[in-house]
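**Q** So that we are looking at the same thing, I have put the structure below in structure tokens.
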Amino acid sequence: MMHAVTIPPFEHFYEQHRIEVHRLLRRRLGTDRADDAFQETFLRALRAYRRLEHGEHLRAWVLTIAQNVALDALRRSRPSAELVETGIEDSRPAYEDLADLTDGLPPKERAAVVLRYGYDLSYDQIASALGSTPDAARQAASTGIRRLRRSASS
Amino acid sequence: MTVSSDLDRRFREAAVALDLVDMGFDVVDTPIGQLFVAASTRGLAAISFEADPDNQLERLARIAGPAVLRSPKSVDAARRELDEYFAGRRRVFDLALDLRALPQFTVSVLHELARVPFGETTTYGALAAAVGRPRAARAVGTVMNRNRIPIVLPCHRVIGSGGDLVGYAGGLDLKITLLELEGAR
């Protein structure tokens with residue numbers, strides 16, 4: 001029997017993840033737009049926080065929210081070609097490469113692919129992070145991968 | 001690069017403005033040192049002489065839920081009234097209190113405690129009698145010892161029947177300081 005991980009006070013969660021979230025958003029959106037997205041990310045997280053059933057995978061969870069917020073921001077402003085800040089660190093974590101590669105996927109598939117192959121989470125873990133079922137998470141990841149293959153070969 | 005203090009402040013203010021915070025807290029400077037102060041939308045929930053928030057947040061989360069966030073705005077009213085109290089300009093606190101998750105006996109005792117006037121003292125036995133449990137002086141002592149909102153709920157005004165100060169969460173020196181501030185000694 002697995003013990004549910006207690007949900008930490010939001011303050012601790014925020015202190016622990018805010019720098020990484022801000023770094024991710026700067027990379028995706030550029031310095032100018034990262035601040036608004038940062039606020040939006042943690043407000044979304046706070047809104048959902050009371051409904052969390054356990055405190056597992058909070059890092060993957062908040063980074064997924066940040067990816068979605070960034071995606072929304074990029075969609076809104078696609079035509080303008082703003083220079084995105086890059087190259088602060090030389091070695092990018094896997095999830096950040098995946099984040100760029102999976103830009104064109106529908107949000108659910110994208111989240112499943114990033115969490116599976118970027119964070120190496122199990123489908124059970126992905127399901128709980130996304131509020132979905134393991135089968136649906138597996139399905140979304142495999143559809144997403146097929147779609148990526150097609151777009152790579154076309 | 002880190003998150004700028006301006007961005008941090010804006011996030012915390014937005015969280016409170018959108019009513020997403022179950023319990024807001026901050027560290028408040030006073031003449032007796034820094035106090036940890038926490039308030040929910042229901043009212044003031046905690047004052048602690050141990051100003052380091054880290055040890056308090058889990059406890060607050062158990063009372064109010066996990067959306068516990070440092071937010072100076074949440075404790076503005078308490079900060080203002082504490083300032084006035086320590087400056088000698090306030091004798092009665094007008095703050096709403098959040099006494100969630102406390103046993104009924106504790107709540108009754110704290111309500112009686114709140115009626116002990118500025119500058120006066122009472123005894124553990126007298127408080128016990130006031131809630132209809134005249135033999136429960138020792139239990140009243142325990143309630144005082146665990147008082148979540150000292151100063152505003154004035155457990156410093158409660159002393160032994162022989163006039164001895166007995167004890168105080170912030171230390172006996174602090175109890176004496178508060179009583180002197182109120183002119184009770």
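By convention here, the chains of the structure tokens are called A, B, ... in the order presented, each chain's residues are numbered starting at 1, and ligands are numbered starting at 1 in the order presented.
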Quick one: residues within 10 Å of stretch 150-160 of chain B, only C-alpha atoms, excluding same-chain residues fewer than 4 positions away - as number ranges by chain?
**A** B: 44, 46-49, 78, 81-82, 85, 92-95, 97, 110-127, 137, 140-141, 143-146, 164-170, 172, 174-179, 182, 184
**Q** Per DSSP on the backbone, filter chain B down to the residues in helix (DSSP H, G or I) and report them as a PyMOL selection string.
**A** chain B and resi 5-17+53-55+57-64+72-86+104-114+124-130+137-145+155-157+172-181
**Q** Output the selection as a PDB file, in the first residue's frame - C-alpha atoms for each residue.
**A**
ATOM      1  CA  SER B   5      11.076  40.851  -6.031  1.00  0.00           C
ATOM      2  CA  ASP B   6       8.651  42.976  -8.026  1.00  0.00           C
ATOM      3  CA  LEU B   7       7.324  39.951  -9.917  1.00  0.00           C
ATOM      4  CA  ASP B   8       7.153  37.994  -6.667  1.00  0.00           C
ATOM      5  CA  ARG B   9       5.151  40.771  -5.020  1.00  0.00           C
ATOM      6  CA  ARG B  10       2.768  41.046  -7.979  1.00  0.00           C
ATOM      7  CA  PHE B  11       2.055  37.320  -7.903  1.00  0.00           C
ATOM      8  CA  ARG B  12       1.344  37.351  -4.173  1.00  0.00           C
ATOM      9  CA  GLU B  13      -0.954  40.373  -4.472  1.00  0.00           C
ATOM     10  CA  ALA B  14      -2.853  38.835  -7.389  1.00  0.00           C
ATOM     11  CA  ALA B  15      -3.303  35.578  -5.471  1.00  0.00           C
ATOM     12  CA  VAL B  16      -4.926  37.424  -2.563  1.00  0.00           C
ATOM     13  CA  ALA B  17      -6.993  39.701  -4.816  1.00  0.00           C
ATOM     14  CA  PRO B  53       7.657  30.822   9.039  1.00  0.00           C
ATOM     15  CA  ASP B  54       9.029  27.426   8.069  1.00  0.00           C
ATOM     16  CA  ASN B  55       7.946  25.787  11.291  1.00  0.00           C
ATOM     17  CA  LEU B  57       3.179  26.588   7.665  1.00  0.00           C
ATOM     18  CA  GLU B  58       2.327  22.887   8.009  1.00  0.00           C
ATOM     19  CA  ARG B  59       0.267  23.690  11.082  1.00  0.00           C
ATOM     20  CA  LEU B  60      -1.617  26.449   9.229  1.00  0.00           C
ATOM     21  CA  ALA B  61      -2.218  24.128   6.269  1.00  0.00           C
ATOM     22  CA  ARG B  62      -3.847  21.607   8.598  1.00  0.00           C
ATOM     23  CA  ILE B  63      -6.192  24.316   9.864  1.00  0.00           C
ATOM     24  CA  ALA B  64      -7.092  26.079   6.632  1.00  0.00           C
ATOM     25  CA  PRO B  72       1.767  41.093   3.418  1.00  0.00           C
ATOM     26  CA  LYS B  73      -1.712  42.312   2.410  1.00  0.00           C
ATOM     27  CA  SER B  74      -3.404  39.458   4.284  1.00  0.00           C
ATOM     28  CA  VAL B  75      -2.091  40.705   7.601  1.00  0.00           C
ATOM     29  CA  ASP B  76      -2.351  44.469   6.976  1.00  0.00           C
ATOM     30  CA  ALA B  77      -5.214  44.916   9.453  1.00  0.00           C
ATOM     31  CA  ALA B  78      -3.419  42.947  12.169  1.00  0.00           C
ATOM     32  CA  ARG B  79      -0.162  44.810  11.501  1.00  0.00           C
ATOM     33  CA  ARG B  80      -1.938  48.159  11.840  1.00  0.00           C
ATOM     34  CA  GLU B  81      -3.668  47.264  15.104  1.00  0.00           C
ATOM     35  CA  LEU B  82      -0.510  45.756  16.598  1.00  0.00           C
ATOM     36  CA  ASP B  83       1.388  48.949  15.669  1.00  0.00           C
ATOM     37  CA  GLU B  84      -1.271  51.016  17.424  1.00  0.00           C
ATOM     38  CA  TYR B  85      -1.257  48.736  20.470  1.00  0.00           C
ATOM     39  CA  PHE B  86       2.503  48.941  20.908  1.00  0.00           C
ATOM     40  CA  GLN B 104     -15.354  23.901  22.240  1.00  0.00           C
ATOM     41  CA  PHE B 105     -13.876  24.276  25.740  1.00  0.00           C
ATOM     42  CA  THR B 106     -10.885  26.129  24.286  1.00  0.00           C
ATOM     43  CA  VAL B 107     -13.111  28.457  22.281  1.00  0.00           C
ATOM     44  CA  SER B 108     -15.239  29.240  25.363  1.00  0.00           C
ATOM     45  CA  VAL B 109     -12.162  30.010  27.448  1.00  0.00           C
ATOM     46  CA  LEU B 110     -10.699  32.214  24.691  1.00  0.00           C
ATOM     47  CA  HIS B 111     -13.953  34.146  24.406  1.00  0.00           C
ATOM     48  CA  GLU B 112     -13.828  34.853  28.151  1.00  0.00           C
ATOM     49  CA  LEU B 113     -10.127  35.715  27.864  1.00  0.00           C
ATOM     50  CA  ALA B 114     -10.923  38.273  25.145  1.00  0.00           C
ATOM     51  CA  TYR B 124      -6.687  30.903  35.765  1.00  0.00           C
ATOM     52  CA  GLY B 125      -9.309  29.978  38.379  1.00  0.00           C
ATOM     53  CA  ALA B 126     -11.447  33.030  37.628  1.00  0.00           C
ATOM     54  CA  LEU B 127     -11.458  32.204  33.900  1.00  0.00           C
ATOM     55  CA  ALA B 128     -12.374  28.603  34.697  1.00  0.00           C
ATOM     56  CA  ALA B 129     -15.269  29.813  36.822  1.00  0.00           C
ATOM     57  CA  ALA B 130     -16.370  32.201  34.079  1.00  0.00           C
ATOM     58  CA  ALA B 137      -7.982  26.083  36.371  1.00  0.00           C
ATOM     59  CA  ARG B 138      -5.270  23.680  35.207  1.00  0.00           C
ATOM     60  CA  ALA B 139      -7.067  23.034  31.901  1.00  0.00           C
ATOM     61  CA  VAL B 140      -7.391  26.803  31.445  1.00  0.00           C
ATOM     62  CA  GLY B 141      -3.628  27.006  31.956  1.00  0.00           C
ATOM     63  CA  THR B 142      -3.157  24.557  29.104  1.00  0.00           C
ATOM     64  CA  VAL B 143      -5.428  26.640  26.867  1.00  0.00           C
ATOM     65  CA  MET B 144      -3.363  29.747  27.676  1.00  0.00           C
ATOM     66  CA  ASN B 145      -0.159  27.841  26.961  1.00  0.00           C
ATOM     67  CA  CYS B 155      -3.176  35.465  27.887  1.00  0.00           C
ATOM     68  CA  HIS B 156      -0.464  37.733  29.334  1.00  0.00           C
ATOM     69  CA  ARG B 157      -3.222  39.183  31.532  1.00  0.00           C
ATOM     70  CA  LEU B 172       8.152  35.599  31.421  1.00  0.00           C
ATOM     71  CA  ASP B 173      10.154  38.741  30.563  1.00  0.00           C
ATOM     72  CA  LEU B 174       7.801  39.355  27.679  1.00  0.00           C
ATOM     73  CA  LYS B 175       4.768  38.836  29.896  1.00  0.00           C
ATOM     74  CA  ILE B 176       6.154  41.489  32.251  1.00  0.00           C
ATOM     75  CA  THR B 177       6.890  43.835  29.315  1.00  0.00           C
ATOM     76  CA  LEU B 178       3.316  43.561  28.026  1.00  0.00           C
ATOM     77  CA  LEU B 179       1.813  44.091  31.468  1.00  0.00           C
ATOM     78  CA  GLU B 180       4.035  47.134  32.002  1.00  0.00           C
ATOM     79  CA  LEU B 181       3.099  48.494  28.593  1.00  0.00           C
TER      80      LEU B 181
END
**Q** If DSSP is run on the backbone, what residues of chain B are strand (DSSP E)? A reply as a ChimeraX atom specification would be ideal.
**A** /B:23-30,33-39,44-48,68-70,122-123,158-159
**Q** Which one is closest to B:Gly183: B:Arg148, B:Gly162, B:Gly33, B:Gly88? Count only C-alpha atoms.
**A**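 Looking at the shortest contact to B:Gly183, the residue is B:Gly88.
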**Q** Should the cut-off be 6 Å, what would the residue list for chain B against chain A look like, counting only C-alpha atoms, as JSON, numbers by chain?
**A** {"B": [2, 11, 61, 66, 67, 68, 69]}
**Q** Would you mind telling me which residue in B:Phe36, B:Val3, B:Val21, B:Thr30 lies nearest to A:Arg26 when using only C-alpha atoms?
**A**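 For A:Arg26, the nearest of the candidates is B:Val3.
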**Q** Do a neighbour search on stretch 117-131 of chain A at 12 Å with only C-alpha atoms, toss out local chain neighbours closer than 3 positions, and write the hits as a PDB file with C-alpha atoms, in the first residue's frame.
**A**
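Ended up saving to selection.pdb:
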ATOM      1  CA  ALA A   4      -0.097   9.410  -0.467  1.00  0.00           C
ATOM      2  CA  ALA A  45      -1.440  26.166 -10.006  1.00  0.00           C
ATOM      3  CA  ALA A  48      -5.983  23.866  -8.763  1.00  0.00           C
ATOM      4  CA  TYR A  49      -3.937  23.340  -5.606  1.00  0.00           C
ATOM      5  CA  ARG A  51      -8.162  20.043  -5.445  1.00  0.00           C
ATOM      6  CA  LEU A  52      -4.932  18.033  -5.572  1.00  0.00           C
ATOM      7  CA  GLU A  53      -5.296  14.634  -3.979  1.00  0.00           C
ATOM      8  CA  HIS A  54      -1.636  14.089  -3.173  1.00  0.00           C
ATOM      9  CA  GLY A  55       1.714  15.845  -3.403  1.00  0.00           C
ATOM     10  CA  GLU A  56       3.476  13.594  -5.918  1.00  0.00           C
ATOM     11  CA  HIS A  57       5.083  14.879  -9.131  1.00  0.00           C
ATOM     12  CA  LEU A  58       4.450  18.518  -8.277  1.00  0.00           C
ATOM     13  CA  ARG A  59       7.495  19.574 -10.277  1.00  0.00           C
ATOM     14  CA  ALA A  60       6.297  17.846 -13.437  1.00  0.00           C
ATOM     15  CA  TRP A  61       2.821  19.180 -12.765  1.00  0.00           C
ATOM     16  CA  VAL A  62       3.840  22.848 -12.491  1.00  0.00           C
ATOM     17  CA  LEU A  63       6.215  22.615 -15.454  1.00  0.00           C
ATOM     18  CA  THR A  64       3.360  21.190 -17.516  1.00  0.00           C
ATOM     19  CA  ILE A  65       1.185  24.116 -16.505  1.00  0.00           C
ATOM     20  CA  ASN A  68       0.644  25.197 -21.465  1.00  0.00           C
ATOM     21  CA  ARG A  92      19.380  21.797 -21.958  1.00  0.00           C
ATOM     22  CA  PRO A  93      17.364  19.264 -19.970  1.00  0.00           C
ATOM     23  CA  ALA A  94      15.519  16.705 -22.113  1.00  0.00           C
ATOM     24  CA  TYR A  95      12.138  18.160 -21.353  1.00  0.00           C
ATOM     25  CA  GLU A  96      13.114  21.500 -22.837  1.00  0.00           C
ATOM     26  CA  ASP A  97      14.213  19.979 -26.135  1.00  0.00           C
ATOM     27  CA  LEU A  98      10.989  18.019 -26.176  1.00  0.00           C
ATOM     28  CA  ALA A  99       9.045  21.133 -25.399  1.00  0.00           C
ATOM     29  CA  ASP A 100      10.256  22.716 -28.627  1.00  0.00           C
ATOM     30  CA  LEU A 101       9.846  19.572 -30.712  1.00  0.00           C
ATOM     31  CA  THR A 102       6.294  18.985 -29.543  1.00  0.00           C
ATOM     32  CA  PRO A 107      -2.117  20.028 -25.660  1.00  0.00           C
ATOM     33  CA  LYS A 108      -3.022  16.607 -24.177  1.00  0.00           C
ATOM     34  CA  GLU A 109      -0.718  14.669 -26.482  1.00  0.00           C
ATOM     35  CA  ARG A 110       2.012  17.197 -25.951  1.00  0.00           C
ATOM     36  CA  ALA A 111       1.781  16.974 -22.165  1.00  0.00           C
ATOM     37  CA  ALA A 112       1.781  13.173 -22.289  1.00  0.00           C
ATOM     38  CA  VAL A 113       4.810  13.013 -24.591  1.00  0.00           C
ATOM     39  CA  VAL A 114       6.780  15.558 -22.551  1.00  0.00           C
ATOM     40  CA  PRO A 134      -3.224   5.569 -17.364  1.00  0.00           C
ATOM     41  CA  ASP A 135      -4.801   4.157 -20.538  1.00  0.00           C
ATOM     42  CA  ALA A 136      -5.734   7.608 -21.807  1.00  0.00           C
ATOM     43  CA  ALA A 137      -2.220   8.867 -20.988  1.00  0.00           C
ATOM     44  CA  ARG A 138      -0.631   5.955 -22.902  1.00  0.00           C
ATOM     45  CA  GLN A 139      -2.966   6.576 -25.823  1.00  0.00           C
ATOM     46  CA  ALA A 140      -2.210  10.305 -25.897  1.00  0.00           C
ATOM     47  CA  ALA A 141       1.559   9.721 -25.774  1.00  0.00           C
ATOM     48  CA  SER A 142       1.531   7.157 -28.564  1.00  0.00           C
ATOM     49  CA  GLY A 144       1.567  12.205 -30.136  1.00  0.00           C
ATOM     50  CA  ILE A 145       4.668  10.203 -31.067  1.00  0.00           C
TER      51      ILE A 145
END
**Q** Just want the 9 Å neighbourhood of B:Arg42, counted on only C-alpha atoms, with same-chain residues fewer than 6 positions away dropped. Output as a PyMOL selection string.
**A** chain B and resi 96-99
**Q** Can you tell me how far atom CA of B:Gln56 sits from atom CA of B:Ile149, in Å to one decimal?
**A** 13.0 Å
